[in-house]
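This report refers to the structure that appears directly beneath it.
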Amino acid sequence: MTADSYSPSPAASRWQAPTPGSPVHATVTVPGSKSLTNRELVLAALADGPSLLTGALHSDDSARMVDALRTLGVSIRTVAGDGPFGPDLEIVPPATFAGGTTIDCGQAGTVMRFITPLAGLAVGDVHVTAHETALHRPMGAMIRALRDVGADIDDSGSWSLPFDVRGHGHVRGGEVTIDASQSSQFVSGLLLAAARFDVGLRLIHEGHRLPSLPHIEMTVDALARRGVHVEHPRANEWLVPAGPIRGKETAIEPDLSNAAPFLAAAALTGGSVTIPGWPAHSTQPGALLADILPVMGARATRRGGALTVTGGESITAVALDLSAASELTPTLFALAAFADAPTTFHGIGHIRGHETDRIAALVGNLRALGGEAEELEDGIRIVPRPLRGGLWRAHHDHRLATAGAVIGLRVPGVEVDDIGTTSKTMPEFPRLWADMLA
């Protein structure tokens, strides 16, 4: 689906973005990381014993992953925890994944890319589909790679969802070359399941630049914590030996990318926002905010396990390569709309294949409010102009919706047409935003 073809659902929740009259000063606790939650759910399902996830995210994307794994026969139950955003999760893997099922991935890229290798390990057919707005998302590279290592997939020649995985209870594994330039999730999905392949996996990426490398590092780190040592002999090559995956208790970090709009509020209003629980070291792309926001004119300090961002006198124009943290683009785009000169972000051409064509959607939204931006082959350029209120379209994309909220901090009358789409990774966003501004 393209940005131009989008229309909100009849039940879309319109939302007037608040415009505070003074700098924002707040402490905001954000829910757990979606990327970590869904990786740990998959590894727990593949493990040799039970696992417990504390601080796990409860959102549309994580619910899709839980439903998909339960469909394959994994036992997942909620248990009382001490986190503010919901219970912990106890996962018990089955002896064998069950086939004869249908998995609906919704709009979750992690589900469609991480579950498909598991479906190859099932006994029986698994029909994999998604919400109609997500059927466009790239899957061809994953289908081709899994076929090369012995999985049986019938896609009727479409190289896309929906398709059927003819599960035979095992996947041979071996060596495979993949072009993962459209999504690092292809690499992560294969690495997560590789230890359960008969002979493990040697994975080589060939093609354009591999995006979102921190997400692959996150996958490798999660595997290591469960006893699977992934060798990385050279750039774009990974070796995973066949062997057990350990069941364990894992604490999920806060979602640092979901913290981005709140930290941007401090930068844009000249205020100060603190995010507790900010890890000292993290493979999340959002961790780069502590370096990026100071380049754009804010100040970032760490103390007592928290990150505080304080706004400066203005937003500084930049030219940044965001290939390692492309999911931050919508928030940084919103900041750049108020910068002191034109800003360019590059290394992000692949975000055209996310929930929507994010580059086209951002440009269209800003122009609708009187702003100026243009698409580049591998990025986007923003020229600051006076903005007016108006409709900001979410395009079924949680990060587009929160970018509209950031724009609204400085522009009265901005209305996000579907704030409910933030439930994909942060159902609490409207409440947390209101609490911050209060």
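Letters A, B, ... mark the chains of the structure tokens in the order given; residue numbers begin at 1 per chain; ligand numbers begin at 1, in order shown.
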
**Request:** Please identify all polymer residues within 8 Å of Phe97 in chain A, counting only C-alpha atoms, omitting same-chain residues fewer than 2 positions from it, and present them as a PyMOL selection string.
**Result:** chain A and resi 72-74+94-95+99+118-119+121-123+169

**Request:** Could you give me, as a PyMOL selection string, the residues within 10 Å of Thr177 in chain A, counting only C-alpha atoms and dropping anything in the same chain fewer than 3 positions from it?
**Result:** chain A and resi 141+144-145+148+180+202-207+236-237

**Item:** Who sits within 10 Å of Leu89 in chain A, only C-alpha atoms, same chain under 6 positions skipped, as JSON, numbers by chain
**Value:** {"A": [41, 51, 52, 53, 54, 55, 56, 57, 58, 66, 76, 77, 78, 79, 80, 81, 249]}

Go ahead and save the picked residues with C-alpha atoms, as a PDB file, in the first residue's frame.
ATOM      1  CA  LEU A  41       9.293 -14.714  22.538  1.00  0.00           C
ATOM      2  CA  SER A  51      11.339 -19.083  29.969  1.00  0.00           C
ATOM      3  CA  LEU A  52      10.056 -16.017  31.803  1.00  0.00           C
ATOM      4  CA  LEU A  53       9.960 -12.552  30.233  1.00  0.00           C
ATOM      5  CA  THR A  54       9.701  -9.692  32.710  1.00  0.00           C
ATOM      6  CA  GLY A  55       8.730  -6.202  31.582  1.00  0.00           C
ATOM      7  CA  ALA A  56       7.537  -7.551  28.230  1.00  0.00           C
ATOM      8  CA  LEU A  57       5.648  -5.218  25.920  1.00  0.00           C
ATOM      9  CA  HIS A  58       1.875  -5.638  25.618  1.00  0.00           C
ATOM     10  CA  VAL A  66       1.972 -14.408  21.131  1.00  0.00           C
ATOM     11  CA  ILE A  76       2.270 -18.719  26.846  1.00  0.00           C
ATOM     12  CA  ARG A  77       0.555 -17.504  29.979  1.00  0.00           C
ATOM     13  CA  THR A  78       0.557 -14.247  31.894  1.00  0.00           C
ATOM     14  CA  VAL A  79       1.883 -14.154  35.441  1.00  0.00           C
ATOM     15  CA  ALA A  80       1.841 -11.311  37.930  1.00  0.00           C
ATOM     16  CA  GLY A  81       4.812  -8.989  37.738  1.00  0.00           C
ATOM     17  CA  GLU A 249      14.439 -15.536  32.650  1.00  0.00           C
TER      18      GLU A 249
END

**Request:** Go through range 179-360 of chain A and collect every residue that DSSP, computed from the backbone, puts in strand (DSSP E); the answer should be as a VMD selection string.
**Result:** chain A and resid 201 to 205 237 to 240 249 to 251 272 to 276 299 to 303 306 to 310 319 to 321 343 to 346

**Asked** Nearest to Pro50 in chain A among A:Ala68, A:Val30, A:Ile245, A:Leu135, with distances taken over only C-alpha atoms: which residue is it?
**Response**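 Of A:Ala68, A:Val30, A:Ile245, A:Leu135, the one nearest Pro50 in chain A is A:Ile245, counting only C-alpha atoms.
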
**Request:** Write out as a list of chain:residue names each polymer residue whose atoms come within 12 Å of Gly371 in chain A, counting only C-alpha atoms; drop sequence neighbours fewer than 2 positions from it.
**Result:**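 Non-adjacent residues within range: A:Phe333, A:Ala334, A:Ala336, A:Ala337, A:Phe338, A:Pro342, A:Leu362, A:Val363, A:Gly364, A:Asn365, A:Leu366, A:Arg367, A:Ala368, A:Leu369, A:Ala373, A:Glu374, A:Arg381, A:Ile382, A:Val383, A:Pro384, A:Arg385, A:Pro386, A:Leu387, A:Arg388, A:Gly389, A:Gly390, A:Ile407, A:Val411.
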
**range 60-194 of chain A: residues DSSP assigns to alpha helix (DSSP H), reported as a ChimeraX atom specification** = /A:60-71,109-120,140-148,185-194

Let's have the selection written as a tab-separated table (two decimals), in the first residue's frame, with N, CA and C atoms.
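part_4.tsv was written with the following content:
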chain	number	residue	atom	x	y	z
A	60	ASP	N	-0.18	-4.38	20.08
A	60	ASP	CA	-0.71	-5.14	18.96
A	60	ASP	C	0.34	-6.07	18.37
A	61	ASP	N	1.57	-5.56	18.17
A	61	ASP	CA	2.61	-6.38	17.56
A	61	ASP	C	3.00	-7.56	18.43
A	62	SER	N	3.17	-7.33	19.73
A	62	SER	CA	3.54	-8.43	20.61
A	62	SER	C	2.39	-9.42	20.77
A	63	ALA	N	1.16	-8.92	20.76
A	63	ALA	CA	0.00	-9.81	20.83
A	63	ALA	C	-0.08	-10.70	19.60
A	64	ARG	N	0.27	-10.16	18.43
A	64	ARG	CA	0.30	-10.96	17.21
A	64	ARG	C	1.34	-12.08	17.33
A	65	MET	N	2.49	-11.74	17.92
A	65	MET	CA	3.52	-12.76	18.08
A	65	MET	C	3.07	-13.84	19.06
A	66	VAL	N	2.48	-13.43	20.16
A	66	VAL	CA	1.97	-14.41	21.13
A	66	VAL	C	0.94	-15.31	20.48
A	67	ASP	N	-0.02	-14.73	19.74
A	67	ASP	CA	-1.05	-15.53	19.08
A	67	ASP	C	-0.44	-16.50	18.07
A	68	ALA	N	0.56	-16.02	17.31
A	68	ALA	CA	1.20	-16.88	16.30
A	68	ALA	C	1.89	-18.07	16.97
A	69	LEU	N	2.59	-17.82	18.05
A	69	LEU	CA	3.30	-18.90	18.73
A	69	LEU	C	2.33	-19.88	19.38
A	70	ARG	N	1.26	-19.36	19.96
A	70	ARG	CA	0.25	-20.25	20.53
A	70	ARG	C	-0.37	-21.12	19.45
A	71	THR	N	-0.56	-20.55	18.25
A	71	THR	CA	-1.11	-21.32	17.13
A	71	THR	C	-0.20	-22.49	16.78
A	109	GLY	N	5.86	-6.64	11.02
A	109	GLY	CA	6.95	-7.16	10.21
A	109	GLY	C	7.75	-8.21	10.94
A	110	THR	N	7.97	-8.03	12.26
A	110	THR	CA	8.72	-9.03	13.00
A	110	THR	C	8.00	-10.37	13.01
A	111	VAL	N	6.68	-10.36	13.05
A	111	VAL	CA	5.95	-11.64	13.07
A	111	VAL	C	6.11	-12.35	11.74
A	112	MET	N	5.88	-11.64	10.62
A	112	MET	CA	5.95	-12.32	9.33
A	112	MET	C	7.36	-12.81	9.02
A	113	ARG	N	8.40	-12.06	9.45
A	113	ARG	CA	9.78	-12.47	9.16
A	113	ARG	C	10.34	-13.46	10.17
A	114	PHE	N	9.87	-13.44	11.42
A	114	PHE	CA	10.41	-14.34	12.44
A	114	PHE	C	9.64	-15.66	12.53
A	115	ILE	N	8.35	-15.63	12.22
A	115	ILE	CA	7.53	-16.83	12.37
A	115	ILE	C	7.70	-17.79	11.20
A	116	THR	N	7.94	-17.26	10.00
A	116	THR	CA	8.01	-18.13	8.82
A	116	THR	C	9.07	-19.23	8.96
A	117	PRO	N	10.30	-18.94	9.46
A	117	PRO	CA	11.24	-20.06	9.67
A	117	PRO	C	10.73	-21.09	10.66
A	118	LEU	N	10.01	-20.64	11.70
A	118	LEU	CA	9.46	-21.59	12.67
A	118	LEU	C	8.40	-22.48	12.02
A	119	ALA	N	7.63	-21.91	11.09
A	119	ALA	CA	6.61	-22.70	10.39
A	119	ALA	C	7.26	-23.85	9.62
A	120	GLY	N	8.48	-23.64	9.13
A	120	GLY	CA	9.18	-24.72	8.45
A	120	GLY	C	9.53	-25.87	9.37
A	140	GLY	N	9.97	-11.61	-0.30
A	140	GLY	CA	10.60	-12.46	-1.31
A	140	GLY	C	11.95	-13.00	-0.89
A	141	ALA	N	12.78	-12.16	-0.28
A	141	ALA	CA	14.11	-12.61	0.12
A	141	ALA	C	14.03	-13.72	1.18
A	142	MET	N	13.06	-13.62	2.08
A	142	MET	CA	12.89	-14.65	3.09
A	142	MET	C	12.42	-15.96	2.47
A	143	ILE	N	11.46	-15.89	1.55
A	143	ILE	CA	10.96	-17.09	0.88
A	143	ILE	C	12.09	-17.79	0.14
A	144	ARG	N	12.87	-17.03	-0.61
A	144	ARG	CA	13.97	-17.61	-1.40
A	144	ARG	C	15.02	-18.25	-0.49
A	145	ALA	N	15.39	-17.56	0.60
A	145	ALA	CA	16.41	-18.08	1.49
A	145	ALA	C	15.95	-19.37	2.17
A	146	LEU	N	14.71	-19.41	2.63
A	146	LEU	CA	14.22	-20.61	3.30
A	146	LEU	C	14.13	-21.78	2.34
A	147	ARG	N	13.75	-21.52	1.11
A	147	ARG	CA	13.76	-22.61	0.13
A	147	ARG	C	15.17	-23.14	-0.07
A	148	ASP	N	16.15	-22.24	-0.08
A	148	ASP	CA	17.54	-22.65	-0.30
A	148	ASP	C	18.06	-23.53	0.82
A	185	GLN	N	15.32	-7.54	9.13
A	185	GLN	CA	14.53	-8.61	9.76
A	185	GLN	C	14.68	-9.94	9.04
A	186	PHE	N	15.05	-9.93	7.75
A	186	PHE	CA	15.31	-11.20	7.06
A	186	PHE	C	16.49	-11.91	7.71
A	187	VAL	N	17.55	-11.17	8.00
A	187	VAL	CA	18.72	-11.77	8.65
A	187	VAL	C	18.36	-12.23	10.06
A	188	SER	N	17.70	-11.37	10.83
A	188	SER	CA	17.35	-11.72	12.21
A	188	SER	C	16.43	-12.95	12.26
A	189	GLY	N	15.44	-13.00	11.37
A	189	GLY	CA	14.51	-14.13	11.37
A	189	GLY	C	15.21	-15.45	11.14
A	190	LEU	N	16.17	-15.47	10.22
A	190	LEU	CA	16.91	-16.69	9.94
A	190	LEU	C	17.86	-17.04	11.07
A	191	LEU	N	18.54	-16.03	11.64
A	191	LEU	CA	19.46	-16.30	12.74
A	191	LEU	C	18.75	-16.85	13.97
A	192	LEU	N	17.56	-16.32	14.26
A	192	LEU	CA	16.83	-16.76	15.46
A	192	LEU	C	16.53	-18.25	15.43
A	193	ALA	N	16.19	-18.78	14.26
A	193	ALA	CA	15.79	-20.19	14.15
A	193	ALA	C	16.95	-21.11	13.78
A	194	ALA	N	18.10	-20.54	13.38
A	194	ALA	CA	19.15	-21.33	12.74
A	194	ALA	C	19.69	-22.45	13.61

**Request:** Please identify all polymer residues within 12 Å of Ala394 in chain A, counting only C-alpha atoms, omitting same-chain residues fewer than 3 positions from it, and present them as a VMD selection string.
**Result:** chain A and resid 3 to 4 6 to 9 12 to 15 330 355 to 358 361 to 362 364 to 365 391 397 to 405 415 to 422

**Coordinates-based distance that separates CA of Leu335 in chain A from CA of Pro23 in chain A (Å, one decimal)** = 15.1 Å

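Going from CA of Gly200 in chain A over to CA of Pro233 in chain A, you cover 15.6 Å.
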
**Message:** If I take CA of Pro241 in chain A and CA of Pro93 in chain A, how far is one from the other in Å, to one decimal?
**Reply:** 20.3 Å

**Message:** Using only C-alpha atoms for the distances, tell me which of A:His25, A:His208, A:Lys248, A:His127 is nearest to Arg225 in chain A.
**Reply:**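 Using only C-alpha atoms, the shortest distance to Arg225 in chain A belongs to A:Lys248.
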
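For Gly227 in chain A, the list of residues within 9 Å, based on only C-alpha atoms and with local chain neighbours fewer than 4 positions off taken out, reads Leu223, Pro244, Ile245 and Arg246 of chain A.
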
**Item:** Shortest interatomic distance to Glu313 in chain A - which of A:Pro84, A:Gly270, A:Gly286, A:Gly349, counting only C-alpha atoms
**Value:** A:Gly270

**Asked** Could you name the residues that touch Ser323 in chain A at 6 Å or less, counting only C-alpha atoms, but leaving out those on the same chain fewer than 6 positions away, as JSON, numbers by chain?
**Response** {"A": [211, 212, 347, 348]}

**Item:** Counting only C-alpha atoms, the residue of A:Ala264, A:Arg431, A:Gly353, A:Ala317 that sits nearest Pro138 in chain A
**Value:**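 Ranking A:Ala264, A:Arg431, A:Gly353, A:Ala317 by distance to Pro138 in chain A, first place goes to A:Gly353.
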